[in-house]
$ cat start.tsv   # TSV, C-alpha atoms
chain	number	residue	atom	x	y	z
A	79	MET	CA	0.00	0.00	0.00
A	80	LYS	CA	1.39	3.38	-0.98
A	81	ARG	CA	1.85	5.57	2.06
A	82	GLN	CA	0.56	9.11	1.86
A	83	PRO	CA	2.74	11.92	3.23
A	84	VAL	CA	0.87	14.35	5.45
A	85	LEU	CA	2.26	17.42	7.18
A	86	GLU	CA	0.01	18.71	9.95
A	87	VAL	CA	0.77	22.08	11.52
A	88	ILE	CA	-0.53	23.55	14.77
A	89	ALA	CA	-2.36	26.86	14.37
A	90	VAL	CA	-3.84	29.13	17.00
A	91	ASP	CA	-5.48	31.65	14.67
A	92	ALA	CA	-6.24	32.45	11.04
A	93	ALA	CA	-2.83	34.04	10.42
A	94	ASP	CA	-1.15	30.81	11.50
A	95	ALA	CA	-3.48	28.70	9.39
A	96	LYS	CA	-2.96	30.79	6.27
A	97	ALA	CA	0.82	30.75	6.69
A	98	ALA	CA	0.77	26.96	7.14
A	99	GLU	CA	-1.36	26.51	4.03
A	100	GLU	CA	0.89	28.86	2.06
A	101	GLY	CA	3.87	26.72	2.99
A	102	GLY	CA	2.20	23.52	1.83
A	103	ALA	CA	0.77	22.04	5.02
A	104	ASP	CA	-1.83	19.35	4.40
A	105	ARG	CA	-3.86	19.79	7.58
A	106	ILE	CA	-4.30	22.21	10.48
A	107	GLU	CA	-4.64	21.29	14.14
A	108	LEU	CA	-6.45	24.29	15.61
A	109	VAL	CA	-5.87	24.93	19.30
A	110	SER	CA	-5.75	27.65	21.92
A	111	ALA	CA	-3.56	28.04	25.01
A	112	MET	CA	-0.43	26.30	23.78
A	113	SER	CA	1.22	27.23	27.09
A	114	GLU	CA	-1.17	24.67	28.63
A	115	GLY	CA	-0.55	22.04	25.99
A	116	GLY	CA	-3.46	23.07	23.78
A	117	LEU	CA	-7.12	23.61	24.62
A	118	THR	CA	-10.34	24.02	22.63
A	119	PRO	CA	-10.37	27.28	20.66
A	120	SER	CA	-13.33	29.65	20.77
A	121	TYR	CA	-16.21	29.18	18.37
A	122	SER	CA	-15.43	32.46	16.61
A	123	VAL	CA	-11.83	31.39	16.03
A	124	ILE	CA	-12.97	28.04	14.62
A	125	GLU	CA	-15.42	29.76	12.28
A	126	HIS	CA	-12.86	32.30	11.08
A	127	VAL	CA	-10.05	29.82	10.51
A	128	VAL	CA	-12.27	27.39	8.60
A	129	SER	CA	-13.39	30.25	6.35
A	130	GLN	CA	-9.82	31.34	5.61
A	131	VAL	CA	-8.19	28.10	4.44
A	132	SER	CA	-9.04	25.29	2.08
A	133	ILE	CA	-7.08	22.52	3.82
A	134	PRO	CA	-8.77	20.42	6.53
A	135	VAL	CA	-9.00	21.94	10.00
A	136	TYR	CA	-9.02	19.57	12.97
A	137	VAL	CA	-10.19	21.21	16.20
A	138	MET	CA	-8.75	20.36	19.60
A	139	ILE	CA	-11.45	19.17	22.01
A	140	ARG	CA	-9.91	19.60	25.45
A	141	PRO	CA	-11.79	21.64	28.09
A	142	HIS	CA	-8.98	21.91	30.65
A	143	SER	CA	-5.32	21.06	31.17
A	144	ARG	CA	-5.56	19.50	34.63
A	145	SER	CA	-5.53	15.95	33.31
A	146	PHE	CA	-7.08	13.78	30.62
A	147	ARG	CA	-9.83	12.60	32.99
A	148	TYR	CA	-13.21	14.18	32.42
A	149	SER	CA	-16.28	14.62	34.60
A	150	THR	CA	-19.90	14.53	33.48
A	151	ASP	CA	-19.83	18.32	33.22
A	152	ASP	CA	-16.64	18.17	31.16
A	153	ILE	CA	-18.21	15.67	28.78
A	154	HIS	CA	-21.24	17.92	28.36
A	155	VAL	CA	-18.91	20.75	27.32
A	156	MET	CA	-16.90	18.48	25.01
A	157	THR	CA	-19.92	17.09	23.19
A	158	ARG	CA	-21.28	20.61	22.72
A	159	ASP	CA	-17.91	21.76	21.36
A	160	ILE	CA	-17.85	18.86	18.91
A	161	ARG	CA	-21.34	19.67	17.64
A	162	VAL	CA	-20.42	23.32	17.11
A	163	ALA	CA	-17.09	22.50	15.45
A	164	ARG	CA	-18.94	20.25	13.01
A	165	GLU	CA	-21.56	22.93	12.32
A	166	LEU	CA	-18.82	25.51	11.69
A	167	GLY	CA	-17.18	23.35	9.04
A	168	ALA	CA	-14.31	21.66	10.84
A	169	ALA	CA	-13.07	18.55	9.06
A	170	GLY	CA	-12.24	16.71	12.24
A	171	ILE	CA	-11.49	16.77	15.94
A	172	VAL	CA	-8.49	15.98	18.11
A	173	ILE	CA	-9.45	14.28	21.35
A	174	GLY	CA	-8.31	11.90	24.06
A	175	ALA	CA	-9.52	10.62	27.42
A	176	LEU	CA	-7.96	8.42	30.08
A	177	THR	CA	-9.19	6.71	33.24
A	178	GLU	CA	-7.64	7.16	36.67
A	179	ASP	CA	-5.44	4.16	35.83
A	180	THR	CA	-4.28	6.01	32.67
A	181	GLU	CA	-5.99	3.55	30.38
A	182	VAL	CA	-8.28	4.64	27.54
A	183	ASP	CA	-11.65	5.94	28.73
A	184	LEU	CA	-13.73	4.29	26.06
A	185	ILE	CA	-17.03	5.41	27.58
A	186	THR	CA	-16.12	9.09	27.35
A	187	LEU	CA	-14.81	8.62	23.83
A	188	GLN	CA	-17.96	6.82	22.73
A	189	LEU	CA	-20.14	9.63	24.09
A	190	CYS	CA	-18.05	12.16	22.21
A	191	MET	CA	-17.92	10.13	19.00
A	192	ALA	CA	-21.72	10.03	18.97
A	193	GLU	CA	-21.60	13.78	18.27
A	194	ALA	CA	-18.99	13.49	15.52
A	195	PRO	CA	-20.60	11.77	12.52
A	196	GLY	CA	-18.69	12.63	9.38
A	197	LEU	CA	-15.73	14.11	11.24
A	198	GLY	CA	-12.20	12.76	11.15
A	199	VAL	CA	-10.80	11.86	14.56
A	200	THR	CA	-7.27	12.03	15.93
A	201	PHE	CA	-6.46	10.63	19.39
A	202	HIS	CA	-4.01	13.14	20.83
A	203	ARG	CA	-0.92	12.85	22.99
A	204	ALA	CA	-2.82	11.57	26.00
A	205	ILE	CA	-1.44	8.33	24.56
A	206	ASP	CA	2.03	9.42	25.71
A	207	VAL	CA	1.07	9.68	29.38
A	208	SER	CA	-0.96	6.47	29.36
A	209	ALA	CA	0.04	3.23	31.05
A	210	SER	CA	0.83	1.73	27.63
A	211	PRO	CA	0.76	3.44	24.22
A	212	VAL	CA	0.47	-0.01	22.64
A	213	ALA	CA	-2.62	-0.77	24.73
A	214	VAL	CA	-4.10	2.62	23.81
A	215	LEU	CA	-3.65	1.97	20.12
A	216	LYS	CA	-5.34	-1.42	20.44
A	217	ALA	CA	-8.22	0.03	22.48
A	218	ILE	CA	-9.02	2.94	20.18
A	219	SER	CA	-8.98	0.60	17.20
A	220	THR	CA	-12.09	-1.06	18.63
A	221	LEU	CA	-14.07	2.17	18.29
A	222	GLY	CA	-13.97	2.11	14.51
A	223	THR	CA	-14.05	5.92	14.35
A	224	VAL	CA	-10.49	6.99	15.22
A	225	GLU	CA	-8.33	7.61	12.15
A	226	ARG	CA	-4.99	8.19	13.81
A	227	ALA	CA	-3.02	8.63	16.99
A	228	LEU	CA	-0.63	11.52	17.53
A	229	THR	CA	2.32	10.37	19.60
A	230	SER	CA	5.88	10.98	20.64
A	231	GLY	CA	6.26	7.28	21.36
A	232	GLY	CA	5.80	7.81	25.07
A	233	LYS	CA	8.95	9.92	25.32
A	234	ARG	CA	9.35	13.68	25.77
A	235	THR	CA	10.03	14.13	22.06
A	236	ALA	CA	9.50	11.95	19.00
A	237	PRO	CA	13.21	11.85	18.02
A	238	GLU	CA	13.94	10.21	21.39
A	239	ALA	CA	11.50	7.38	20.64
A	240	ILE	CA	12.54	5.96	17.27
A	241	LEU	CA	12.21	2.32	18.36
A	242	GLU	CA	8.90	2.92	20.12
A	243	LEU	CA	7.47	4.80	17.17
A	244	LYS	CA	8.55	2.07	14.77
A	245	GLN	CA	6.72	-0.48	16.92
A	246	LEU	CA	3.59	1.69	17.08
A	247	GLN	CA	3.73	2.28	13.34
A	248	GLU	CA	3.83	-1.45	12.64
A	249	LEU	CA	0.96	-2.06	15.06
A	250	GLY	CA	-1.02	0.81	13.56
A	251	GLN	CA	-0.72	-0.69	10.11
A	252	ALA	CA	-2.06	-3.99	11.42
A	253	LEU	CA	-4.95	-2.20	13.17
A	254	ASN	CA	-5.64	0.18	10.26
A	255	ILE	CA	-4.90	3.25	12.40
A	256	THR	CA	-2.42	5.85	11.22
A	257	VAL	CA	0.38	6.76	13.60
A	258	MET	CA	1.40	10.42	13.36
A	259	ALA	CA	4.63	11.51	15.00
A	260	GLY	CA	4.80	14.78	16.89
A	261	ALA	CA	6.73	16.71	19.58
A	262	GLY	CA	10.21	18.05	19.16
A	263	ILE	CA	10.44	17.37	15.44
A	264	THR	CA	12.63	19.76	13.48
A	265	VAL	CA	12.71	20.25	9.74
A	266	ASP	CA	16.16	18.69	9.52
A	267	GLY	CA	15.08	15.74	11.66
A	268	ILE	CA	12.20	14.64	9.43
A	269	PRO	CA	14.21	12.39	7.05
A	270	THR	CA	15.77	10.34	9.85
A	271	LEU	CA	12.49	9.92	11.69
A	272	VAL	CA	10.59	8.86	8.57
A	273	LYS	CA	13.24	6.47	7.33
A	274	GLN	CA	13.78	4.81	10.71
A	275	THR	CA	10.13	4.48	11.76
A	276	GLY	CA	8.19	4.23	8.49
A	277	ILE	CA	5.84	6.98	9.71
A	278	THR	CA	4.68	9.36	6.98
A	279	GLU	CA	2.36	11.69	8.89
A	280	ILE	CA	4.28	14.40	10.71
A	281	HIS	CA	2.88	16.92	13.20
A	282	MET	CA	4.77	20.16	13.75
A	283	GLY	CA	4.36	23.17	16.01
A	284	SER	CA	7.27	25.30	17.17
A	285	GLY	CA	9.51	23.54	14.65
A	286	VAL	CA	8.05	25.65	11.82
A	287	ARG	CA	7.86	28.96	13.70
A	288	TYR	CA	10.27	31.84	13.77
A	289	GLU	CA	12.79	31.40	16.60
A	290	GLY	CA	11.29	27.97	17.27
A	291	SER	CA	8.78	29.56	19.63
A	292	PHE	CA	4.98	29.47	19.93
A	293	GLU	CA	5.22	33.16	20.76
A	294	GLN	CA	6.30	33.77	17.16
A	295	PRO	CA	4.38	33.38	13.86
A	296	ILE	CA	4.58	30.40	11.53
A	297	ASN	CA	7.30	30.68	8.90
A	298	PRO	CA	5.82	29.54	5.56
A	299	GLN	CA	9.31	28.83	4.22
A	300	MET	CA	9.99	26.42	7.08
A	301	VAL	CA	6.67	24.70	6.41
A	302	ALA	CA	7.64	24.38	2.75
A	303	GLU	CA	11.02	22.92	3.67
A	304	ALA	CA	9.40	20.48	6.11
A	305	LYS	CA	7.04	19.32	3.37
A	306	HIS	CA	9.97	18.95	0.96
A	307	GLN	CA	11.91	16.87	3.48
A	308	LEU	CA	8.87	14.67	4.11
A	309	LEU	CA	8.24	14.03	0.43
A	310	HIS	CA	11.90	13.34	-0.23
A	311	ALA	CA	12.16	10.97	2.73
A	312	ILE	CA	9.31	8.72	1.62
A	313	GLN	CA	10.20	8.69	-2.08
A	314	PRO	CA	12.33	5.52	-1.87
A	315	TYR	CA	9.43	3.68	-0.23
A	316	ASP	CA	7.01	4.83	-2.92
A	317	LEU	CA	9.33	3.58	-5.63
A	318	LYS	CA	9.31	0.13	-4.03
A	319	GLU	CA	5.54	0.10	-3.58
$ encode --input "start.tsv" --output "structure tokens"
Amino acid sequence: MKRQPVLEVIAVDAADAKAAEEGGADRIELVSAMSEGGLTPSYSVIEHVVSQVSIPVYVMIRPHSRSFRYSTDDIHVMTRDIRVARELGAAGIVIGALTEDTEVDLITLQLCMAEAPGLGVTFHRAIDVSASPVAVLKAISTLGTVERALTSGGKRTAPEAILELKQLQELGQALNITVMAGAGITVDGIPTLVKQTGITEIHMGSGVRYEGSFEQPINPQMVAEAKHQLLHAIQPYDLKE
């Protein structure tokens, strides 16, 4: 099966999203409060961003940064946010939920998925603070609605977890779930990561911003170079397949 290269870029507003699209990004992850690891953006931001770009926009669904455990009230907020994101034209959502034992909270996910017909779904980096990323991947595969998992292989950054990411990638292929690598990926580091893990979906944030900081705008030229590196890295695989 030919593997499709995808470069996803984090955006916090329309200026970010337009710069990412200009540089050749394939998908936007729209968030707010990056200092807290990313929370759900406001409805007006979702509406504006979706209207300004033609590439898919996936909206973060995360009501607080205290943990990945959610109360009944939290779930009410999350399901409402999903409904609104869908109505505003989002292509997908980014979500994750864990139990007190840091296993996948399938009940919460099922309640949220019920509000997401037609939306793509990414399970976010809650997988990296779970008891077992492998177990998470297996569990979310049973839902039948999750397209991919965003992960750093359980380590602080993706480049530190080459072996773990390779294992998750192989498992993901068997389970028909895409594994997308993210956290700490630089433009120059893309070829090594892709070639050593087989992963072809890359998620970037500060790595394509001026000064490598979320306090600075996205640099379209860095996005373009990241996309070039990704395409070049997978070319040998495509030739074989």
$ residues_around --input "start.tsv" --residues "segment 274-278 of chain A" --least-positions-apart "2" --cutoff "12 Å" --atoms "only C-alpha atoms" --output "number ranges by chain"
A: 80-86, 226-231, 236-251, 255-260, 267-272, 280-281, 305, 307-316
$ atom_distance --input "start.tsv" --atom1 "atom CA of Asp152 of chain A" --atom2 "atom CA of Leu117 of chain A"
12.8 Å
$ atom_distance --input "start.tsv" --atom1 "atom CA of Glu181 of chain A" --atom2 "atom CA of Thr200 of chain A"
16.8 Å
$ atom_distance --input "start.tsv" --atom1 "atom CA of Asp266 of chain A" --atom2 "atom CA of Arg203 of chain A"
22.5 Å
$ residues_near_point --input "start.tsv" --point "(-5.7, 16.2, 23.2)" --cutoff "8 Å" --atoms "all atoms listed in the file" --output "list in words"
Gly116, Leu117, Met138, Ile139, Arg140, Phe146, Val172, Ile173, Gly174, Ala175, Phe201, His202, Arg203 and Ala204 of chain A
$ closest_residue --input "start.tsv" --among "A:His142, A:Val155, A:Arg287, A:Glu107" --to "Val128 of chain A" --atoms "all atoms listed in the file"
A:Glu107
$ residues_near_point --input "start.tsv" --point "(-2.2, 20.2, 6.5)" --cutoff "8 Å" --atoms "all atoms listed in the file" --output "mmCIF file with C-alpha atoms, in the frame of the given file"
data_model
loop_
_atom_site.group_PDB
_atom_site.id
_atom_site.type_symbol
_atom_site.label_atom_id
_atom_site.label_comp_id
_atom_site.auth_asym_id
_atom_site.auth_seq_id
_atom_site.Cartn_x
_atom_site.Cartn_y
_atom_site.Cartn_z
ATOM 1 C CA VAL A 84 0.870 14.350 5.450
ATOM 2 C CA LEU A 85 2.260 17.420 7.180
ATOM 3 C CA GLU A 86 0.010 18.710 9.950
ATOM 4 C CA VAL A 87 0.770 22.080 11.520
ATOM 5 C CA ALA A 98 0.770 26.960 7.140
ATOM 6 C CA GLU A 99 -1.360 26.510 4.030
ATOM 7 C CA GLY A 102 2.200 23.520 1.830
ATOM 8 C CA ALA A 103 0.770 22.040 5.020
ATOM 9 C CA ASP A 104 -1.830 19.350 4.400
ATOM 10 C CA ARG A 105 -3.860 19.790 7.580
ATOM 11 C CA ILE A 106 -4.300 22.210 10.480
ATOM 12 C CA ILE A 133 -7.080 22.520 3.820
ATOM 13 C CA PRO A 134 -8.770 20.420 6.530
ATOM 14 C CA VAL A 135 -9.000 21.940 10.000
#
$ closest_residue --input "start.tsv" --among "A:Thr223, A:Ser132, A:Asn297, A:Ser143" --to "Ala169 of chain A" --atoms "only C-alpha atoms"
A:Ser132
$ residues_around --input "start.tsv" --residues "Arg147 of chain A" --least-positions-apart "2" --cutoff "8 Å" --atoms "all atoms listed in the file" --output "list in words"
Ser145, Ser149, Ala175, Leu176, Thr177 and Glu178 of chain A
$ residues_around --input "start.tsv" --residues "Gly196 of chain A" --least-positions-apart "6" --cutoff "12 Å" --atoms "only C-alpha atoms" --output "ChimeraX atom specification"
/A:160-161,163-165,167-171,223-225
$ closest_residue --input "start.tsv" --among "A:Ser291, A:Ser129, A:Thr220, A:Ser210" --to "Lys233 of chain A" --atoms "only C-alpha atoms"
A:Ser210
$ closest_residue --input "start.tsv" --among "A:Ala304, A:Leu187, A:Val182, A:Ile88" --to "Leu108 of chain A" --atoms "all atoms listed in the file"
A:Ile88
$ decode --input "start.tsv" --residues "segment 188-244 of chain A" --atoms "C-alpha atoms" --output "CSV table (one decimal), in the first residue's frame"
chain,number,residue,atom,x,y,z
A,188,GLN,CA,-18.0,6.8,22.7
A,189,LEU,CA,-20.1,9.6,24.1
A,190,CYS,CA,-18.0,12.2,22.2
A,191,MET,CA,-17.9,10.1,19.0
A,192,ALA,CA,-21.7,10.0,19.0
A,193,GLU,CA,-21.6,13.8,18.3
A,194,ALA,CA,-19.0,13.5,15.5
A,195,PRO,CA,-20.6,11.8,12.5
A,196,GLY,CA,-18.7,12.6,9.4
A,197,LEU,CA,-15.7,14.1,11.2
A,198,GLY,CA,-12.2,12.8,11.2
A,199,VAL,CA,-10.8,11.9,14.6
A,200,THR,CA,-7.3,12.0,15.9
A,201,PHE,CA,-6.5,10.6,19.4
A,202,HIS,CA,-4.0,13.1,20.8
A,203,ARG,CA,-0.9,12.9,23.0
A,204,ALA,CA,-2.8,11.6,26.0
A,205,ILE,CA,-1.4,8.3,24.6
A,206,ASP,CA,2.0,9.4,25.7
A,207,VAL,CA,1.1,9.7,29.4
A,208,SER,CA,-1.0,6.5,29.4
A,209,ALA,CA,0.0,3.2,31.0
A,210,SER,CA,0.8,1.7,27.6
A,211,PRO,CA,0.8,3.4,24.2
A,212,VAL,CA,0.5,0.0,22.6
A,213,ALA,CA,-2.6,-0.8,24.7
A,214,VAL,CA,-4.1,2.6,23.8
A,215,LEU,CA,-3.7,2.0,20.1
A,216,LYS,CA,-5.3,-1.4,20.4
A,217,ALA,CA,-8.2,0.0,22.5
A,218,ILE,CA,-9.0,2.9,20.2
A,219,SER,CA,-9.0,0.6,17.2
A,220,THR,CA,-12.1,-1.1,18.6
A,221,LEU,CA,-14.1,2.2,18.3
A,222,GLY,CA,-14.0,2.1,14.5
A,223,THR,CA,-14.1,5.9,14.4
A,224,VAL,CA,-10.5,7.0,15.2
A,225,GLU,CA,-8.3,7.6,12.1
A,226,ARG,CA,-5.0,8.2,13.8
A,227,ALA,CA,-3.0,8.6,17.0
A,228,LEU,CA,-0.6,11.5,17.5
A,229,THR,CA,2.3,10.4,19.6
A,230,SER,CA,5.9,11.0,20.6
A,231,GLY,CA,6.3,7.3,21.4
A,232,GLY,CA,5.8,7.8,25.1
A,233,LYS,CA,9.0,9.9,25.3
A,234,ARG,CA,9.4,13.7,25.8
A,235,THR,CA,10.0,14.1,22.1
A,236,ALA,CA,9.5,11.9,19.0
A,237,PRO,CA,13.2,11.8,18.0
A,238,GLU,CA,13.9,10.2,21.4
A,239,ALA,CA,11.5,7.4,20.6
A,240,ILE,CA,12.5,6.0,17.3
A,241,LEU,CA,12.2,2.3,18.4
A,242,GLU,CA,8.9,2.9,20.1
A,243,LEU,CA,7.5,4.8,17.2
A,244,LYS,CA,8.5,2.1,14.8
